[in-house]
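Pasting work_34.txt here (compact mmCIF, C-alpha atoms):
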# COMPACT_ATOMS: atom_id res chain seq x y z
CA MET L 1 -19.18 2.90 -4.85
CA ASP L 2 -16.41 4.86 -3.07
CA ARG L 3 -16.40 7.78 -5.54
CA LYS L 4 -16.83 10.46 -2.87
CA LEU L 5 -13.97 9.07 -0.79
CA LYS L 6 -11.78 9.10 -3.88
CA GLU L 7 -12.72 12.74 -4.55
CA ILE L 8 -11.78 13.64 -0.97
CA LYS L 9 -8.46 11.83 -1.30
CA ASP L 10 -7.73 13.59 -4.59
CA PHE L 11 -8.46 16.94 -2.95
CA LEU L 12 -6.21 16.19 0.03
CA ARG L 13 -3.34 15.11 -2.25
CA ALA L 14 -3.00 18.77 -3.18
CA TYR L 15 -1.65 19.17 0.38
CA PRO L 16 0.97 16.40 0.54
CA GLY L 17 2.11 16.95 4.12
CA PHE L 18 -1.42 16.85 5.51
CA PHE L 19 -2.37 13.90 3.29
CA ARG L 20 0.66 11.90 4.52
CA PHE L 21 -0.32 12.63 8.13
CA LEU L 22 -3.92 11.48 7.60
CA TYR L 23 -2.87 8.40 5.65
CA ARG L 24 -0.43 7.22 8.31
CA LEU L 25 -3.03 7.96 10.99
CA THR L 26 -5.82 5.98 9.34
CA THR L 27 -3.63 3.21 7.87
CA PRO L 28 -1.02 2.38 10.51
CA VAL L 29 1.69 -0.08 9.45
CA PHE L 30 2.85 -2.14 12.42
CA GLY L 31 4.59 -4.73 10.25
CA LYS L 32 8.06 -4.20 8.84
CA SER L 33 8.53 -0.86 7.12
CA PRO L 34 9.88 -0.29 3.60
CA ARG L 35 12.41 2.04 5.20
CA LEU L 36 14.41 -1.10 6.02
CA ILE L 37 15.57 -1.08 2.40
CA LEU L 38 17.39 2.20 3.05
CA GLU L 39 19.64 0.38 5.50
CA ARG L 40 20.42 -2.43 3.06
CA VAL L 41 21.00 -0.68 -0.27
CA LEU L 42 24.37 0.99 -0.77
CA ALA L 43 24.36 4.79 -0.68
CA ASP L 44 25.44 5.11 -4.34
CA GLU L 45 22.66 2.83 -5.62
CA LYS L 46 19.23 3.98 -6.77
CA ILE L 47 16.04 3.21 -4.85
CA ILE L 48 12.67 3.77 -6.53
CA ASN L 49 9.19 3.89 -5.03
CA LEU L 50 6.64 2.71 -7.60
CA GLY L 51 3.18 4.23 -7.35
CA SER L 52 4.38 6.62 -4.67
CA GLY L 53 1.54 9.11 -4.98
CA VAL L 54 2.36 11.90 -2.52
CA LEU L 55 3.75 9.51 0.11
CA SER L 56 7.49 10.21 -0.04
CA ILE L 57 9.49 7.84 2.15
CA ASP L 58 12.90 9.50 2.15
CA PRO L 59 14.76 12.15 0.09
CA ARG L 60 17.06 9.41 -1.15
CA VAL L 61 14.17 7.51 -2.78
CA ILE L 62 13.12 8.35 -6.36
CA ASP L 63 9.33 8.64 -6.39
CA VAL L 64 7.73 7.17 -9.52
CA ASP L 65 4.04 7.54 -10.41
CA PHE L 66 1.84 7.78 -13.50
CA TYR L 67 0.54 11.14 -12.19
CA PRO L 68 2.89 14.15 -11.68
CA TYR L 69 2.37 14.78 -7.97
CA PRO L 70 4.66 17.50 -6.51
CA ASN L 71 7.18 15.00 -5.09
CA VAL L 72 7.23 12.66 -8.11
CA LYS L 73 10.60 12.69 -9.90
CA VAL L 74 9.76 10.22 -12.69
CA VAL L 75 6.35 10.08 -14.36
CA ALA L 76 5.97 6.64 -15.90
CA ASP L 77 3.83 3.55 -16.34
CA ALA L 78 4.94 0.94 -13.78
CA ALA L 79 4.81 -1.68 -16.55
CA ASN L 80 7.18 0.34 -18.76
CA LEU L 81 9.84 1.94 -16.58
CA PRO L 82 12.52 4.27 -18.06
CA PHE L 83 15.37 2.48 -16.27
CA GLU L 84 18.02 0.16 -17.72
CA ASN L 85 18.22 -3.54 -16.98
CA ASP L 86 19.86 -4.42 -13.64
CA SER L 87 20.28 -0.73 -12.73
CA ILE L 88 18.28 -0.30 -9.50
CA GLY L 89 19.47 -1.26 -6.02
CA GLY L 90 16.06 -1.23 -4.34
CA VAL L 91 12.37 -1.16 -5.32
CA ILE L 92 9.51 -0.19 -3.00
CA CYS L 93 5.98 -0.89 -4.21
CA GLU L 94 3.22 -0.30 -1.66
CA SER L 95 -0.45 -0.93 -2.47
CA LEU L 96 -0.02 -0.54 -6.23
CA LEU L 97 -0.51 -3.98 -7.79
CA GLU L 98 -4.23 -4.13 -6.97
CA HIS L 99 -4.75 -0.98 -9.07
CA VAL L 100 -3.05 -2.11 -12.30
CA ALA L 101 -4.77 -4.16 -14.98
CA ASP L 102 -1.74 -6.41 -15.55
CA PRO L 103 0.20 -6.93 -12.30
CA ASP L 104 2.34 -9.64 -13.90
CA ALA L 105 3.71 -7.04 -16.32
CA VAL L 106 4.64 -4.76 -13.40
CA ILE L 107 6.27 -7.65 -11.52
CA LYS L 108 8.25 -8.54 -14.66
CA GLU L 109 9.39 -4.92 -14.95
CA ILE L 110 10.47 -4.83 -11.30
CA LYS L 111 12.57 -7.93 -11.87
CA ARG L 112 14.07 -6.39 -15.01
CA VAL L 113 15.30 -3.14 -13.46
CA LEU L 114 16.55 -4.61 -10.17
CA LYS L 115 20.22 -5.52 -9.92
CA PRO L 116 21.14 -9.08 -8.95
CA GLY L 117 21.07 -8.94 -5.15
CA GLY L 118 18.84 -5.85 -5.29
CA TRP L 119 16.21 -5.42 -2.59
CA LEU L 120 12.44 -5.44 -2.99
CA TYR L 121 9.71 -4.39 -0.55
CA ILE L 122 6.18 -4.91 -1.77
CA SER L 123 2.82 -4.72 -0.01
CA VAL L 124 -0.63 -5.67 -1.27
CA PRO L 125 -4.14 -5.81 0.22
CA PHE L 126 -5.74 -9.02 1.48
CA MET L 127 -8.71 -8.38 3.79
CA LEU L 128 -9.71 -5.00 2.43
CA GLY L 129 -12.85 -3.75 0.71
CA PHE L 130 -13.04 -2.18 -2.72
CA HIS L 131 -11.12 1.09 -3.04
CA SER L 132 -10.70 2.86 -6.36
CA ALA L 133 -7.57 4.75 -7.34
CA PRO L 134 -8.88 4.98 -10.02
CA ILE L 135 -9.94 1.31 -10.04
CA ASP L 136 -9.39 -1.78 -7.89
CA TYR L 137 -8.86 -5.20 -9.50
CA ARG L 138 -7.67 -7.93 -7.10
CA ARG L 139 -6.33 -9.26 -3.76
CA TRP L 140 -3.46 -11.53 -2.65
CA THR L 141 -2.91 -14.04 0.11
CA ALA L 142 0.51 -14.32 1.76
CA ALA L 143 1.14 -17.53 -0.20
CA GLY L 144 0.06 -15.88 -3.44
CA LEU L 145 2.42 -12.95 -2.93
CA GLU L 146 5.33 -15.25 -2.11
CA ASN L 147 4.58 -17.29 -5.24
CA ALA L 148 4.57 -14.17 -7.43
CA PHE L 149 8.12 -13.45 -6.25
CA SER L 150 9.29 -17.04 -5.95
CA ASN L 151 12.51 -16.32 -7.84
CA PHE L 152 13.50 -13.82 -5.16
CA GLU L 153 15.37 -14.79 -2.02
CA GLU L 154 12.81 -14.13 0.71
CA LYS L 155 14.14 -12.23 3.71
CA SER L 156 10.89 -11.40 5.47
CA SER L 157 7.14 -11.52 4.91
CA GLY L 158 3.93 -11.17 6.87
CA PRO L 159 1.20 -8.69 7.78
CA ALA L 160 1.86 -5.00 7.14
CA CYS L 161 -1.48 -3.55 8.27
CA GLY L 162 -2.90 -6.04 10.73
CA PRO L 163 -6.07 -7.95 11.56
CA THR L 164 -7.59 -5.24 13.74
CA LEU L 165 -7.46 -2.72 10.92
CA ALA L 166 -9.07 -5.32 8.63
CA PHE L 167 -11.80 -5.85 11.23
CA THR L 168 -12.53 -2.14 11.78
CA ARG L 169 -12.55 -1.37 8.06
CA MET L 170 -14.92 -4.24 7.28
CA THR L 171 -17.12 -3.43 10.27
CA GLY L 172 -17.23 0.22 9.28
CA GLU L 173 -18.13 -0.71 5.71
CA TRP L 174 -20.91 -3.04 6.91
CA LEU L 175 -22.38 -0.45 9.29
CA SER L 176 -22.16 2.18 6.55
CA LEU L 177 -24.05 -0.13 4.20
CA VAL L 178 -26.78 -0.77 6.78
CA LEU L 179 -27.17 2.89 7.79
CA SER L 180 -27.06 4.24 4.24
CA PHE L 181 -30.50 2.86 3.30
CA GLY L 182 -29.12 2.57 -0.21
CA VAL L 183 -28.24 6.29 -0.44
CA SER L 184 -24.71 6.83 -1.80
CA GLN L 185 -24.11 10.09 0.08
CA LEU L 186 -25.07 8.51 3.40
CA TYR L 187 -22.84 5.53 2.68
CA GLN L 188 -19.84 7.80 2.10
CA PHE L 189 -20.61 9.87 5.21
CA TRP L 190 -20.85 6.87 7.51
CA ASN L 191 -17.76 5.33 5.94
CA LEU L 192 -15.68 8.37 6.89
CA PHE L 193 -17.35 8.56 10.30
CA PHE L 194 -16.53 4.99 11.28
CA MET L 195 -13.01 5.22 9.88
CA LEU L 196 -12.36 8.05 12.36
CA ILE L 197 -14.26 6.45 15.26
CA PHE L 198 -12.18 3.26 15.03
CA LEU L 199 -8.78 5.02 15.02
CA PRO L 200 -7.97 4.20 18.67
CA VAL L 201 -9.05 0.57 18.25
CA ASN L 202 -6.57 0.12 15.39
CA LEU L 203 -3.70 0.56 17.85
CA LEU L 204 -4.39 -3.00 19.05
CA ASP L 205 -2.54 -4.18 15.96
CA TYR L 206 0.70 -3.12 17.61
CA LEU L 207 0.18 -6.31 19.67
CA PHE L 208 -1.90 -8.57 17.43
CA ILE L 209 0.28 -8.21 14.34
CA ARG L 210 2.92 -10.22 16.22
CA TYR L 211 0.61 -13.23 16.57
CA LYS L 212 1.47 -16.28 14.50
CA PHE L 213 -1.72 -16.33 12.42
CA ALA L 214 -2.12 -12.58 11.90
CA SER L 215 -1.49 -12.94 8.15
CA ASN L 216 -4.64 -15.05 7.84
CA ILE L 217 -6.86 -11.98 8.30
CA ALA L 218 -4.45 -9.05 7.87
CA MET L 219 -5.62 -6.03 5.90
CA THR L 220 -2.36 -5.89 3.92
CA ILE L 221 0.62 -8.20 3.63
CA TYR L 222 4.22 -7.53 2.62
CA PHE L 223 7.16 -9.38 1.08
CA MET L 224 10.78 -8.31 1.32
CA GLY L 225 13.51 -10.12 -0.55
CA ARG L 226 16.50 -9.95 -2.86
CA LYS L 227 16.74 -10.67 -6.57
CA LYS L 228 18.65 -13.88 -7.19

Mind turning the file's structure into structure tokens?
Amino acid sequence: MDRKLKEIKDFLRAYPGFFRFLYRLTTPVFGKSPRLILERVLADEKIINLGSGVLSIDPRVIDVDFYPYPNVKVVADAANLPFENDSIGGVICESLLEHVADPDAVIKEIKRVLKPGGWLYISVPFMLGFHSAPIDYRRWTAAGLENAFSNFEEKSSGPACGPTLAFTRMTGEWLSLVLSFGVSQLYQFWNLFFMLIFLPVNLLDYLFIRYKFASNIAMTIYFMGRKK
């Protein structure tokens, strides 16, 4: 259904700097950032970013992806990583698990490569419509994400992209559906149009993401913890 949007994203990925700018503009993270791991992992320890795409976080981080984007240092399947047991000080995994057929295998691999006491930052979608990259399989609640990493010592969790972004994305999708009259090209056009129109509204999440129940309708949620 979102084939045209995917084609546009694939085209923009050829220009990593511009793609990163647009991504951060249209998908603002007002929750805790994965950059916090940089402050907690020792300078001589490795940090990897699984499913990085073109979104490099820091020169210190080793970008890992199944596709050889310009910034990717290790091309690998997230369920079969070329790292030794207990060898990684920090793992970042943003918006990847919904795109893999077997997320449990990826979670198992993350646990394998992380050192005891190693840090993990993971984010997954909750209130978000279908988005292929190349396919989209599932969603998580905050409780579901915490359960998946129950053998980690939780340090922080909650909404990453907040309830306003969930609302504008869903509203934009609904309006696009109504105004498309069943025509795929119109649906894609209106989807992009409303994504841009709602950009200023999304800034409300800077406030609302701090509310106690924001995780109940957040677009994405995160978990940060340490391997026991």

Please report as a Markdown table every residue of segment 97-204 of chain L lying within 12 Å of segment 62-71 of chain L, along with the nearest atom pair and their distance in Å (one decimal), using all atoms listed in the file.
| residue | atom | partner | partner_atom | distance |
| --- | --- | --- | --- | --- |
| L:His99 | CA | L:Phe66 | CA | 11.8 |
| L:Val100 | CA | L:Phe66 | CA | 11.1 |
| L:Ala133 | CA | L:Tyr67 | CA | 11.4 |
| L:Pro134 | CA | L:Tyr67 | CA | 11.5 |

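Taking atom CA of Arg35 of chain L as the reference point, atom CA of Val106 of chain L is found at 21.3 Å.
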
Practice problem: Considering only C-alpha atoms, return as a PyMOL selection string whatever protein or nucleic-acid residues lie within 10 Å of Lys108 of chain L, sequence-local ones (same chain, fewer than 6 positions apart) excluded. | Solution: chain L and resi 79-80+148-149

Near Lys111 of chain L, within 10 Å and counting only C-alpha atoms, which residues show up once chain neighbours fewer than 2 positions away are dropped, as a PDB file with C-alpha atoms, in the frame of the given file?
ATOM      1  CA  ASN L  85      18.220  -3.540 -16.980  1.00  0.00           C
ATOM      2  CA  ASP L  86      19.860  -4.420 -13.640  1.00  0.00           C
ATOM      3  CA  ILE L  88      18.280  -0.300  -9.500  1.00  0.00           C
ATOM      4  CA  VAL L  91      12.370  -1.160  -5.320  1.00  0.00           C
ATOM      5  CA  ALA L 105       3.710  -7.040 -16.320  1.00  0.00           C
ATOM      6  CA  VAL L 106       4.640  -4.760 -13.400  1.00  0.00           C
ATOM      7  CA  ILE L 107       6.270  -7.650 -11.520  1.00  0.00           C
ATOM      8  CA  LYS L 108       8.250  -8.540 -14.660  1.00  0.00           C
ATOM      9  CA  GLU L 109       9.390  -4.920 -14.950  1.00  0.00           C
ATOM     10  CA  VAL L 113      15.300  -3.140 -13.460  1.00  0.00           C
ATOM     11  CA  LEU L 114      16.550  -4.610 -10.170  1.00  0.00           C
ATOM     12  CA  LYS L 115      20.220  -5.520  -9.920  1.00  0.00           C
ATOM     13  CA  PRO L 116      21.140  -9.080  -8.950  1.00  0.00           C
ATOM     14  CA  GLY L 118      18.840  -5.850  -5.290  1.00  0.00           C
ATOM     15  CA  LEU L 120      12.440  -5.440  -2.990  1.00  0.00           C
ATOM     16  CA  PHE L 149       8.120 -13.450  -6.250  1.00  0.00           C
ATOM     17  CA  ASN L 151      12.510 -16.320  -7.840  1.00  0.00           C
ATOM     18  CA  PHE L 152      13.500 -13.820  -5.160  1.00  0.00           C
ATOM     19  CA  LYS L 227      16.740 -10.670  -6.570  1.00  0.00           C
ATOM     20  CA  LYS L 228      18.650 -13.880  -7.190  1.00  0.00           C
TER      21      LYS L 228
END

Practice problem: Excluding Tyr187 of chain L and any residue of its chain fewer than 2 positions from it, enumerate the residues within 12 Å of it, using only C-alpha atoms, and give them as number ranges by chain. | Solution: L: 1-5, 172-185, 189-194

Practice problem: Would you list the contacts of Pro163 of chain L as a VMD selection string, taking every protein, DNA or RNA residue within 7 Å and counting only C-alpha atoms, but skipping same-chain residues closer than 3 positions in sequence? | Solution: chain L and resid 166 to 167 205 209 214 217 to 219

For the residues in the current selection, export C-alpha atoms as a PDB file, in the coordinates of the input.
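What ended up in part-v3.pdb:
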ATOM      1  CA  ALA L 166      -9.070  -5.320   8.630  1.00  0.00           C
ATOM      2  CA  PHE L 167     -11.800  -5.850  11.230  1.00  0.00           C
ATOM      3  CA  ASP L 205      -2.540  -4.180  15.960  1.00  0.00           C
ATOM      4  CA  ILE L 209       0.280  -8.210  14.340  1.00  0.00           C
ATOM      5  CA  ALA L 214      -2.120 -12.580  11.900  1.00  0.00           C
ATOM      6  CA  ILE L 217      -6.860 -11.980   8.300  1.00  0.00           C
ATOM      7  CA  ALA L 218      -4.450  -9.050   7.870  1.00  0.00           C
ATOM      8  CA  MET L 219      -5.620  -6.030   5.900  1.00  0.00           C
TER       9      MET L 219
END

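Considering the residues L:Ala76, L:Ser95, L:Lys155, L:Pro200 and counting all atoms listed in the file, Arg139 of chain L has its shortest atom-to-atom contact with L:Ser95.
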
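Reported to one decimal place, the separation of atom CA of Ser123 of chain L from atom CA of Leu97 of chain L is 8.5 Å.
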
Quiz prompt | Surrounding residues of Val201 of chain L excluding itself and chain neighbours under 4 positions, 9 Å, only C-alpha atoms, as an MDAnalysis selection string | solution = chainID L and resid 164:165 168 197 205
